[in-house]
Amino acid sequence: MSLLHWAILAPFIMAVFVPFLRKKAATIHTGWFVLILPVVLFGIFLQYLPVTMNNSSIIQTASWIPSLGINFTAYVDGLSLLFVLLITGIGALVVLYSIYYLSKTKESLHHFYVYLLMFMGAMLGVVLSDNVVTLYMFWEFTSISSFLLIAYWYNRDRSRYGAMKSMLITVFGGLMMLGGFLVLSIMGDTFSIRELAAQAPELNNHPLFLLAMILVLLGAFTKSAQFPFYIWLPDAMEAPTPVSAYLHSATMVKAGIYLVARFSPIFAFSGYWFWIVGAVGLFTMLWASFNAVKQTDLKGILAFSTVSQLGLIMSLLGVGAASLHFESLDDNIFTTAVIAAVFHLINHATFKGSLFMVVGIIDHETGTRDIRRLGGLMSLMPVTFTLSIIGAFSMAGLPPFNGFLSKEMFFLSMIQLMELNLFNVETWAVLFPVMAWIGSVFTFIYSMIIVFKVFTGKFQPEKLEKKPHEAPVGLLVSPSILAVLVAVFGLFPNLLSYSLIQPAAAAIVPSIIPPGEHLDVHISFWHGFSPELWMTIGVITVGILLYKFMPKWTGIYDYFPGKVTLNQFYNSGLYAAERGSNAITNAYMTGFIRSYLVYIFAFFIAALGFAIWAKDAFRYDASAAAPIGLYEVSLIFVLLAATITILLAKSRLTSIIALGAVGYTVSLFFVIFRAPDLALTQLVIETVSTALFLLCFYHLPKLSRHEEKRRFQAGNAIIAAGVGIIVTLIGISAHSSKLFASINEYYIENTYKKAGGENMVNVILVDFRGFDTLFEIAVLSVAALGIYGLIKLRLEKGGETNENE
Amino acid sequence: MIEAVLQISLVVLAAAMIGLVYRLVKGPTVPDRVVALDAMGVNLVSITAVLSMLLDTSNYLEVILLIGILAFIGTVAFAKFLEKGEVVEYDRDQ
Amino acid sequence: MAFQILLNVFLAFLWMFLQVSFNAHTFIIGYLLGLLVMLGMRRFFKSRFYLHRVWAVIFLFLLFLKELIKANIDVLKLVLRPRLNIRPGIFAFETELKSDWEITLLANLITLTPGTLVVDVSDDNKTLYIHAIDIADVSEAADSIKNSFEKAIMEVSRG
Amino acid sequence: MINLPILPILIPLVAAIVLLFLSKNVQAQRIVSAAAAAFTIIAAFAVMMKVEAEGIQTVDMGSWPAPFGITLVSDMLSIMLVLTASIITFCVILYSFRSIGSGREAFYYYPIVQFLLVGVNGSFTTGDIFNLFVFFEIMLMSSYVLIVIGGTKVQLRESIKYILVNVISSAIFVIAVGYLYSVTGSLNMAHISARISEIGAEPIITVLAILFLIVFGLKGGIFPLYFWLPGSYAAPPAPVLALFGALLTKVGVYAILRTYTLFFYHDQAFTHDILSLLALLTMIAGSIGALAYKDVKQILIYNIIIAVGVLLFGIAVMTEESVAGTIFYLVHDMIIKGGLFLLGGIMIYAAGTSNLTKMGGLIRLYPALGWTFLIAAFALAGIPPLSGFTGKLLIVRAGFEAGEYVGAIIVLLSSLAVLYSVVNLFMAVFWKNPENKLPEEKKQTASLFIPAAILVVLSVLYGVGTEAVYPYVMQAVDALIHPEIYIDAVLKE
Amino acid sequence: MEILMCIVAGLLFAAAVYLMLSKSLLRIIIGTGLLSHGTHLMLLTMGGLKTGAAPVLGEHAAAYTDPIPQALILTAIVISFGVTAVFLVIAYRAYQELGTDNMEQLRGMETDD
Amino acid sequence: MKTNDVIFQTVAKVVFFMIIFFAIHLFFAGHYYPGGGFVGGLLTAGAIVLLLLAFDIKTVQHGFPLDFKWLIGIGLLFSAGTATGSLIFNVPFFTHAYNYFHLPLFGKTSLHTAMLFDLGVYFVVIGVTMTIIQTIGESE
Amino acid sequence: MTAISEVIIAALLLVGAFLTLVAAFGLIRLPDVYTRNHAASKSATLGVMCIMLATFLYFLMEDGLFSSRLLLGIAFFFITAPVAGHLISRAAYNSGVKMWEQSVRDDLKEKKKQKK
């Protein structure tokens, strides 16, 4: 266990103490204690910056299950460090924000901070793990802590709904991802990502490659809310706003991006990767930005925008990979795309974080997030307004903010893709930039909505629950810091270029960088009237126009029927699953024992019949069989006659008498077959059981046949015949294939010599196999005690006589 | 000679058994069946006795007595059940 | 009677001691010897010599055996006759016997003999209800029971 | 002491006998039964240490040499399961003190629990196929009594079905043993294994494999044979249910595992394919059932079936890895099911109903219960590092490796169904606002909670400390995958 | 003879199954009785029939019948006796409590107690 | 319905002793001839059942004033104890010991721990059967 | 074994078997349960006693085995068979089984009437 491990585990350890903190130091907001941790961690991790800037990495291993190759291996390289800094940095800001956001008195803070710390630790674990199993473990932790945070106000139905939805989808993804990891581990015989990446070329040719890729991508897509799995994210907005800012925009949803980036060295050389990741990302971006516009809840808009932005980053990672797969393209396209992705990732965290916090402030101060009720807040909340402008403009891709830069790079990557000689370039590849552009237009529109619907227009105090005024300073600190970063990164992008972006991008696909060289990352603000700039200009113009005339065209949303949305699909799917299972279960779980027996016997007949038929197992060999005497045949006849009497009996006593007759005849067979002990026992048992039957009969009903229908009886008869035939067939076959001599010679030899007895059966019972007998009488004892208790002890319903039950 | 006689007796006894089973199956009343069952028990004793001679073993002699005992107990139990509806009374004087 | 048997056994043991041979063989010989001696001295006993009773038992047994065989022949005839020509019925039979085991013995004997079967006993143990397979003459049947079985049993019990 | 392996069977047996004489004194019964269970744990642990050090331990009952007498065989697998079963029984006994009610206590509840443990431990330990039947029977007989003791309507109604099904399965078991004896001429499992391996894949052996599958499947609750299970298991009170859920079905699974690794491994293309198909159907059917109900007991019970499916799949794949996974998962499932059912019992007690639609809001009064349940739920779903994970990981990995892609993915998806059902349960019981106002007063649950919590903690430790358990599991796997080890240890050739 | 006994055991099984599938609880219990008879006969048959004298050494016979199945059956008989007893009592208590012996009416879904 | 069972009761008393003696004979014969603890026990129970049939539970309980459930325990104790005895001698569980002795009256006799075990079986079987029958009988 | 004993045994056997058959035949043939009971309790008993006697003699002659159990068995039958017959017919009567329609007399009926 090194410092790194302790750093990862620190949040968990702290989480354990949080509930005590709350008790011991009740006067101070718990958040202040918690705040220390991310700040300290941020400081610690900053020290690794020089290491990663050299494109070198650090590995620390602590063993967990070394026998299975599952170890807690912490791995720091550019990519993970970037994420770590995001997690701890934004984490610190969010905690700070939450101190003012969540009331000390009203909320159960210890829960909140426990969950949050758990999440932080989990996230650190995800990005720092080299071992896929530990990665998966932390991955599921993020899902769980997200579940708990979304359901923080657990008595709200929507919270629980959202929590369950997010968990179902992300855990589903996680499980699939685990499957993918396991397939990878089979292919590469290791759980270490580094070692897997080293074998990338061999893995590419493995037949399971595609399966592994799809499974891993399912994990990434669900976590990063890609189409069609994004539906959980809008519902996750039921969480307190600091949580939304932290988990559902800045960090957790980016875990999917991280995963894709992390596994790029392994998968990116495959054409499928390009298609799946690129197409899904781009379509998500388009679809979500389009849908964001129609939202009325501010957090809803932000949720869809997050989905859209994640799609953007995702598509960059995918599209870039085209150059790795297709020989015709220059690998630089990939670097461009990856750098754009990394850069946008940082930018998105900053502007979206600040936007969420702004929305939180609005919610906090006005009591609503519904844009139809808000408006004209500009004068009342000037600081908030400023912050929101910065965030939204950056998101819309307007200069001079960082969003502009990364958006430009995004366009550039898409345009470069047109060089690809892809099924008649001119016609189809142009779709990529076109989609990107349309998506950006909608992004522009909703960004504007956030700012202008809320802060301009008519102020409607009557629709608000509280009288709005500017937020306290504490609430403004965190978004302000982020807003400043937005501007700073926009104006001085190269602050990041070599410190964070280059190492991260280099870590994504180290293999394409020639040894000893660095990636050339230079982000410039102005690069001439390039196609991408024209695209941005187009976005702005068209965006402004569309925003102005919004009521005219929003009717197109009505063309999307409400019934076939993915949400609807999820809801009705879940509903159908419950209803359906209920229906199915009720159909076969009739509670009627006959049904169960029918299933059982049907399976008995089918399985064994099939086995006999398929294996041709039937043998017939009567050569060793004993001769048949005339009187034996008559006795068999007697036995069968008595049996048939039972079947046809109309009175209960008749059937008992007939059963007794069967029993006596059976004991006669024991006599014939040289088993005197058996005959003795069978006789006594038969008599005693008959006596028991009679004893109980006093209380038993008359033998009613409960008007069984002909068909019912016929069905029974067929099944009964089937069972009988199978038993007989196996019996004959088993008897006909006596493959070994029995061990009975030993008993015949030693009964007298060693056990000092003459009656072999009895000696076997009390000596050779006396162990059986000991437990056999135990069985009898239990039966007697049970009967005693059964008759004497009569509890009322549920047996609630005393304490409980 | 004994051998032949034994075989013949067995067949005769088995035939008698079938007759008893006829009564057992036919009824018509339950006491009829009980009578048949009792007779079957007795018949069983005969068959066992003959068999033990046929197999020339004394191992079944216990069985013979046992069947007698049990047939008696069984018949009595049935009779009592038929008569009183219950087999074991708790207190007769009540 | 019990005293007599005890004495007889004692004599047998005495014989064994005298013979210094302790096995069943000697015992039986001793017992028979004792019996013989006691037979000779029977006038000295207050009650009747117990061998008499033994004889009564044997007589009862033989009587019974005879009746049993007769009974079976009857049934045989009855069953094998091509036409059933019987008139069954239940008649009451007053008995003089008192003790439980006497009645039991009587009932058993009646049941095992020709065409009769005890169906019930009255609560005061005085009347036996007997089912007869062919009830041609009730009084004759009752008389035969009285004369043969009842007397024989009394011989045994009251001696 | 050469008789060590017998102790985990003997101690409960003797305890049960002693308890018979104490039926009037409930307090003494409690002390004796708890002490006996504790001693059983110690004994099992001692045996485990010995097995670890010296390999498979065998005791020839009555000093009769191996194929002729009955031989008890403690290999690592059986002793692990014995230890687990003893621990669970111990916790259940503690739990029973305050929950089972003095009525049942006075009517031989404790001795019968001890007898049940005798049956379970015996089934795990015995090396003789007919003796297995006897131990099955003592286990079943105890379960008949436990399911019906108290004689309430539901118990009576459901126990009829339970007994009937088990009577049938026992009958089939006996004839199956008869067939096997006819073919191989032996009853000693090692000896049978040795003899079967001499002849290889005889068709009749394959048929018998299916027959045994049906026998054990009826007990273990595999797909077309489990229908009786949910209804019957719902009838008895919580501690009994915990015993059933944790132990009984697992004995069936153990028997399948044992026979399919020892006897029926020669025609895997046929038998194990059927097994794998059934495993998948079992998981699906279990998931469907778990989603269908709105009742605490039912949801947990269907989770038993899902777990059986997973285990069966592990057996079907039949590689070293999958068997290791199966063993990991088997032990995990026993512990966690015991814990869950006990927790479920407390929940039902606290809420006064087992119907989810009528429950809610328990988290306020019973936070510890809620969180413990949630942890147990996650463990059940196989979230690392909790206990269900390692087993599932190995099973799935082996499944992929063996080319059973669909199966492996269904195993993964079944985890999702498990998670959904138990988390739904958690939310409905603890978070949802109840329809009716809850009683404000908190019921005393501490003494019930502690034994349940012990099991959950154990499960967590088992998960985190996988590395510590690993060598034991691998030793168990070794004996399963290489039947010769088992055979040599028993027959001492 | 063995073949014949296999068939007889099969027939007993069939009859037992038929009874167990009926609705009346009593018939079901009788079915279990038949089932155990079938089982025991089958088990005995599996050991081979009439292959020698009864397995009691005092006979000094040349060959003895296989004693193992006999011992097994003995155990099985006793156990099934215990089970039958418990089953009977449960049936009678169930009839007393629930008022019917028709299994179709003893369905009882979920928690309708 | 009240009936006069004088015949039956008289015979039952006699027959009871015959059966008991036969049962004990069967029990002792077990190791050498057909018989043993099971049959012996069951038959003993059968004899008691006969008394129950002829008389009633109250009378029989008066005749045998013992709790049959205890008899089960004692029987189990015998059987398990015999088996456990081998633990003391550190031989495998259930190892029996026997030897031949010359006893007065009996002559050459084999004393076998298996007999003790069988005695346990005998008790258990009586206890079980009688517990069951008595409990059911009393429940009316 | 001497020829005489052999003949005796064979005769006893045949008689016994024959009586048993007759009993069975009577059981089939006779009209009601009371009359059938006559056949069962007499012929069957004598039949089985004959056979047991034959068996006893057989083992005595063949193996020199004095089988007390067989003698006990004969005695047992002797004692119990009539009791069983008695109890069955009483049970039949008390449970209301009608006598054959050609029966001529029923004293018991009157007694029962008096009781009521």
# chains A, B, ... in the order shown; residues from 1 in each chain; ligands from 1
$ interface_residues --of "chain B" --to "chain E" --cutoff "10 Å" --atoms "only C-alpha atoms" --output "MDAnalysis selection string"
chainID B and resid 55:60
$ residues_around --residues "G:Phe78" --least-positions-apart "4" --cutoff "9 Å" --atoms "only C-alpha atoms" --output "mmCIF file with C-alpha atoms, in the first residue's frame"
data_model
loop_
_atom_site.group_PDB
_atom_site.id
_atom_site.type_symbol
_atom_site.label_atom_id
_atom_site.label_comp_id
_atom_site.auth_asym_id
_atom_site.auth_seq_id
_atom_site.Cartn_x
_atom_site.Cartn_y
_atom_site.Cartn_z
ATOM 1 C CA ASN C 108 -64.075 -69.414 20.350
ATOM 2 C CA LEU C 112 -64.844 -72.714 15.145
ATOM 3 C CA THR G 45 -57.998 -71.773 9.872
ATOM 4 C CA LEU G 46 -58.028 -75.513 9.623
ATOM 5 C CA MET G 49 -53.148 -75.361 10.638
ATOM 6 C CA GLY G 73 -48.134 -70.324 15.431
ATOM 7 C CA ILE G 74 -50.679 -73.085 15.402
ATOM 8 C CA PRO G 82 -62.331 -67.153 15.979
#
$ interface_residues --of "chain F" --to "chain B" --cutoff "7 Å" --atoms "only C-alpha atoms" --output "list in words"
Met1, Tyr33, Pro34, Leu50, Leu52, Leu53, Asp56, Ile57, Lys58, Gly137 and Glu138 of chain F
$ select_by_dssp --residues "stretch 8-143 of chain C" --states "helix (DSSP H, G or I)" --output "PyMOL selection string"
chain C and resi 8-19+24-40+42-44+50-80+100-112+138-143
$ interface_residues --of "chain G" --to "chain C" --cutoff "6 Å" --atoms "only C-alpha atoms" --output "list in words"
Gly26, Lys42, Ser43, Pro82, His86, Ser89, Arg90, Ser103, Val104, Arg105, Asp106 and Asp107 of chain G
$ interface_residues --of "chain B" --to "chain G" --cutoff "8 Å" --atoms "only C-alpha atoms" --output "number ranges by chain"
B: 2, 5-6, 9-10, 12-13, 15-17, 19-20, 22-23, 29, 31-32, 34-36, 39, 42-43, 45-46, 49-50, 53, 58, 61-62, 64-65, 68-69, 72, 75-76, 79-80, 82-83
$ write_last_selection --atoms "N, CA and C atoms" --output "compact mmCIF listing (two decimals), in the first residue's frame"
# COMPACT_ATOMS: atom_id res chain seq x y z
N ILE B 2 -42.53 -85.21 -2.38
CA ILE B 2 -42.82 -84.00 -1.61
C ILE B 2 -42.72 -82.77 -2.50
N VAL B 5 -45.74 -82.35 -4.55
CA VAL B 5 -46.89 -81.95 -3.73
C VAL B 5 -46.79 -80.47 -3.37
N LEU B 6 -45.56 -80.08 -3.03
CA LEU B 6 -45.37 -78.68 -2.66
C LEU B 6 -45.74 -77.75 -3.81
N SER B 9 -49.43 -77.67 -4.15
CA SER B 9 -50.05 -76.87 -3.11
C SER B 9 -49.87 -75.38 -3.40
N LEU B 10 -48.68 -75.04 -3.84
CA LEU B 10 -48.43 -73.62 -4.13
C LEU B 10 -49.41 -73.09 -5.15
N VAL B 12 -52.27 -74.30 -5.93
CA VAL B 12 -53.62 -74.26 -5.36
C VAL B 12 -53.79 -73.04 -4.48
N LEU B 13 -52.77 -72.81 -3.64
CA LEU B 13 -52.85 -71.67 -2.74
C LEU B 13 -52.90 -70.36 -3.51
N ALA B 15 -54.06 -69.99 -6.43
CA ALA B 15 -55.39 -69.88 -7.01
C ALA B 15 -56.36 -69.36 -5.96
N ALA B 16 -56.24 -69.91 -4.75
CA ALA B 16 -57.11 -69.44 -3.67
C ALA B 16 -56.91 -67.95 -3.44
N MET B 17 -55.67 -67.55 -3.54
CA MET B 17 -55.35 -66.14 -3.34
C MET B 17 -56.10 -65.28 -4.35
N GLY B 19 -58.81 -65.99 -5.77
CA GLY B 19 -60.21 -65.95 -5.35
C GLY B 19 -60.44 -64.90 -4.28
N LEU B 20 -59.52 -64.86 -3.32
CA LEU B 20 -59.67 -63.89 -2.25
C LEU B 20 -59.57 -62.47 -2.79
N TYR B 22 -60.44 -61.59 -5.64
CA TYR B 22 -61.72 -61.29 -6.28
C TYR B 22 -62.68 -60.69 -5.26
N ARG B 23 -62.74 -61.32 -4.10
CA ARG B 23 -63.65 -60.83 -3.07
C ARG B 23 -63.19 -59.45 -2.60
N THR B 29 -69.42 -54.93 0.43
CA THR B 29 -69.31 -54.08 1.61
C THR B 29 -67.88 -54.12 2.12
N PRO B 31 -66.82 -54.73 5.21
CA PRO B 31 -66.51 -55.93 6.00
C PRO B 31 -66.16 -57.12 5.12
N ASP B 32 -66.80 -57.21 3.96
CA ASP B 32 -66.43 -58.28 3.03
C ASP B 32 -64.95 -58.22 2.70
N VAL B 34 -62.64 -56.79 4.43
CA VAL B 34 -61.82 -57.10 5.60
C VAL B 34 -61.72 -58.61 5.78
N VAL B 35 -62.83 -59.27 5.59
CA VAL B 35 -62.80 -60.73 5.68
C VAL B 35 -61.81 -61.28 4.66
N ALA B 36 -61.88 -60.74 3.48
CA ALA B 36 -60.98 -61.20 2.43
C ALA B 36 -59.53 -60.95 2.82
N ALA B 39 -58.44 -63.39 5.37
CA ALA B 39 -58.19 -64.68 4.74
C ALA B 39 -56.91 -64.65 3.94
N VAL B 42 -54.08 -65.26 6.21
CA VAL B 42 -53.97 -66.68 6.53
C VAL B 42 -53.36 -67.44 5.36
N ASN B 43 -53.83 -67.09 4.20
CA ASN B 43 -53.31 -67.72 2.99
C ASN B 43 -51.81 -67.47 2.85
N VAL B 45 -49.72 -67.08 5.15
CA VAL B 45 -49.01 -67.97 6.05
C VAL B 45 -48.79 -69.32 5.37
N SER B 46 -49.85 -69.82 4.76
CA SER B 46 -49.73 -71.11 4.10
C SER B 46 -48.67 -71.06 3.02
N ALA B 49 -45.26 -70.98 4.45
CA ALA B 49 -44.87 -72.27 4.99
C ALA B 49 -44.45 -73.21 3.86
N VAL B 50 -45.26 -73.27 2.82
CA VAL B 50 -44.92 -74.15 1.71
C VAL B 50 -43.61 -73.71 1.07
N MET B 53 -40.62 -74.83 2.92
CA MET B 53 -40.28 -76.23 2.65
C MET B 53 -39.62 -76.38 1.30
N SER B 58 -35.17 -72.77 7.15
CA SER B 58 -36.00 -72.49 8.33
C SER B 58 -36.11 -70.99 8.58
N LEU B 61 -39.62 -69.33 9.13
CA LEU B 61 -40.56 -69.76 10.17
C LEU B 61 -40.98 -68.58 11.04
N GLU B 62 -40.06 -67.65 11.25
CA GLU B 62 -40.43 -66.44 11.97
C GLU B 62 -41.52 -65.68 11.23
N ILE B 64 -43.76 -66.76 9.37
CA ILE B 64 -45.07 -67.38 9.48
C ILE B 64 -45.82 -66.88 10.70
N LEU B 65 -45.16 -66.98 11.82
CA LEU B 65 -45.82 -66.55 13.06
C LEU B 65 -46.15 -65.07 12.99
N GLY B 68 -49.19 -64.30 11.09
CA GLY B 68 -50.35 -64.63 11.89
C GLY B 68 -50.68 -63.52 12.86
N ILE B 69 -49.68 -63.07 13.59
CA ILE B 69 -49.89 -62.01 14.57
C ILE B 69 -50.45 -60.76 13.91
N PHE B 72 -53.89 -60.80 12.54
CA PHE B 72 -54.85 -60.66 13.63
C PHE B 72 -54.99 -59.20 14.04
N THR B 75 -56.75 -57.21 11.32
CA THR B 75 -58.17 -57.47 11.23
C THR B 75 -58.92 -56.82 12.38
N VAL B 76 -58.35 -56.97 13.54
CA VAL B 76 -59.00 -56.38 14.71
C VAL B 76 -59.12 -54.87 14.55
N ALA B 79 -61.79 -54.08 12.14
CA ALA B 79 -63.11 -54.33 12.71
C ALA B 79 -63.50 -53.20 13.65
N LYS B 80 -62.53 -52.81 14.46
CA LYS B 80 -62.84 -51.77 15.42
C LYS B 80 -63.15 -50.46 14.72
N LEU B 82 -64.38 -50.13 11.77
CA LEU B 82 -65.69 -50.22 11.13
C LEU B 82 -66.79 -49.99 12.15
N GLU B 83 -66.57 -50.51 13.31
CA GLU B 83 -67.61 -50.48 14.31
C GLU B 83 -67.74 -49.11 14.96
$ residues_around --residues "stretch 138-152 of chain C" --least-positions-apart "5" --cutoff "7 Å" --atoms "only C-alpha atoms" --output "list in words"
Ala56, Leu60, Phe93 and Leu106 of chain C
$ residues_around --residues "stretch 5-8 of chain C" --least-positions-apart "2" --cutoff "9 Å" --atoms "only C-alpha atoms" --output "short mmCIF file (atom, residue, chain, number, x, y, z; two decimals) with N, CA and C atoms, in the first residue's frame"
data_model
loop_
_atom_site.label_atom_id
_atom_site.label_comp_id
_atom_site.auth_asym_id
_atom_site.auth_seq_id
_atom_site.Cartn_x
_atom_site.Cartn_y
_atom_site.Cartn_z
N MET C 1 -55.00 -76.44 42.82
CA MET C 1 -54.40 -76.96 41.60
C MET C 1 -52.98 -76.43 41.42
N ALA C 2 -52.87 -75.13 41.70
CA ALA C 2 -51.54 -74.54 41.55
C ALA C 2 -50.54 -75.21 42.48
N PHE C 3 -51.02 -75.52 43.67
CA PHE C 3 -50.16 -76.18 44.64
C PHE C 3 -49.65 -77.51 44.10
N PHE C 10 -41.43 -79.16 42.01
CA PHE C 10 -40.46 -79.34 43.08
C PHE C 10 -39.90 -80.77 43.07
N LEU C 11 -40.79 -81.67 42.85
CA LEU C 11 -40.36 -83.07 42.78
C LEU C 11 -39.39 -83.28 41.64
N ALA C 12 -39.70 -82.66 40.54
CA ALA C 12 -38.83 -82.80 39.37
C ALA C 12 -37.43 -82.29 39.70
N PHE C 13 -37.37 -81.11 40.37
CA PHE C 13 -36.06 -80.56 40.74
C PHE C 13 -35.34 -81.48 41.71
N GLY C 30 -38.01 -86.48 35.87
CA GLY C 30 -38.37 -86.19 37.25
C GLY C 30 -39.83 -85.79 37.35
N TYR C 31 -40.28 -85.00 36.40
CA TYR C 31 -41.65 -84.52 36.43
C TYR C 31 -42.61 -85.70 36.30
N LEU C 32 -42.32 -86.56 35.34
CA LEU C 32 -43.20 -87.70 35.12
C LEU C 32 -43.22 -88.60 36.35
N LEU C 33 -42.05 -88.79 36.94
CA LEU C 33 -41.97 -89.60 38.15
C LEU C 33 -42.84 -89.02 39.24
N GLY C 34 -42.68 -87.70 39.41
CA GLY C 34 -43.47 -87.01 40.42
C GLY C 34 -44.95 -87.20 40.19
N LEU C 35 -45.33 -87.10 38.91
CA LEU C 35 -46.73 -87.26 38.54
C LEU C 35 -47.23 -88.62 38.99
N MET C 38 -47.60 -88.76 42.66
CA MET C 38 -48.76 -87.99 43.10
C MET C 38 -50.05 -88.70 42.76
N TYR C 50 -54.93 -82.89 39.72
CA TYR C 50 -54.94 -81.95 38.58
C TYR C 50 -54.82 -82.64 37.25
#
$ residues_around --residues "stretch 25-38 of chain A" --least-positions-apart "6" --cutoff "7 Å" --atoms "only C-alpha atoms" --output "PyMOL selection string"
chain A and resi 88-89+91-92+95-96+99+104+109
$ write_last_selection --atoms "all heavy atoms" --output "short mmCIF file (atom, residue, chain, number, x, y, z; two decimals), in the first residue's frame"
data_model
loop_
_atom_site.label_atom_id
_atom_site.label_comp_id
_atom_site.auth_asym_id
_atom_site.auth_seq_id
_atom_site.Cartn_x
_atom_site.Cartn_y
_atom_site.Cartn_z
N THR A 88 -10.78 15.78 -7.94
CA THR A 88 -10.51 16.43 -6.66
C THR A 88 -10.77 17.91 -6.74
O THR A 88 -11.31 18.50 -5.81
CB THR A 88 -9.06 16.17 -6.23
OG1 THR A 88 -8.21 16.47 -7.34
CG2 THR A 88 -8.85 14.73 -5.83
N GLY A 89 -10.41 18.52 -7.85
CA GLY A 89 -10.59 19.97 -7.99
C GLY A 89 -12.06 20.32 -7.94
O GLY A 89 -12.51 21.09 -7.09
N GLY A 91 -14.37 18.47 -7.11
CA GLY A 91 -14.90 17.94 -5.85
C GLY A 91 -14.80 18.98 -4.75
O GLY A 91 -15.76 19.21 -4.01
N ALA A 92 -13.63 19.59 -4.65
CA ALA A 92 -13.45 20.61 -3.61
C ALA A 92 -14.46 21.74 -3.79
O ALA A 92 -15.11 22.18 -2.84
CB ALA A 92 -12.03 21.14 -3.67
N VAL A 95 -17.97 20.63 -2.85
CA VAL A 95 -18.18 20.53 -1.40
C VAL A 95 -18.35 21.93 -0.83
O VAL A 95 -19.25 22.18 -0.02
CB VAL A 95 -17.00 19.79 -0.75
CG1 VAL A 95 -17.11 19.88 0.76
CG2 VAL A 95 -16.98 18.34 -1.19
N LEU A 96 -17.52 22.80 -1.26
CA LEU A 96 -17.62 24.18 -0.79
C LEU A 96 -19.00 24.73 -1.08
O LEU A 96 -19.67 25.34 -0.25
CB LEU A 96 -16.54 25.03 -1.49
CG LEU A 96 -16.53 26.52 -1.12
CD1 LEU A 96 -16.18 26.67 0.35
CD2 LEU A 96 -15.52 27.27 -1.97
N ILE A 99 -21.80 23.40 1.08
CA ILE A 99 -21.88 23.88 2.46
C ILE A 99 -22.93 24.98 2.56
O ILE A 99 -23.66 25.06 3.54
CB ILE A 99 -20.50 24.40 2.90
CG1 ILE A 99 -19.53 23.23 2.98
CG2 ILE A 99 -20.59 25.11 4.24
CD1 ILE A 99 -18.10 23.64 3.19
N LYS A 104 -27.74 23.04 7.28
CA LYS A 104 -27.18 22.17 8.31
C LYS A 104 -28.28 21.53 9.15
O LYS A 104 -28.14 20.41 9.65
CB LYS A 104 -26.26 22.99 9.20
CG LYS A 104 -25.46 22.18 10.17
CD LYS A 104 -24.48 23.06 10.87
CE LYS A 104 -25.21 24.16 11.60
NZ LYS A 104 -24.81 24.42 12.95
N LEU A 109 -27.05 15.62 6.74
CA LEU A 109 -25.79 15.87 6.04
C LEU A 109 -24.86 14.68 6.05
O LEU A 109 -24.12 14.44 5.10
CB LEU A 109 -25.09 17.06 6.67
CG LEU A 109 -25.75 18.39 6.37
CD1 LEU A 109 -25.07 19.48 7.16
CD2 LEU A 109 -25.66 18.68 4.88
#
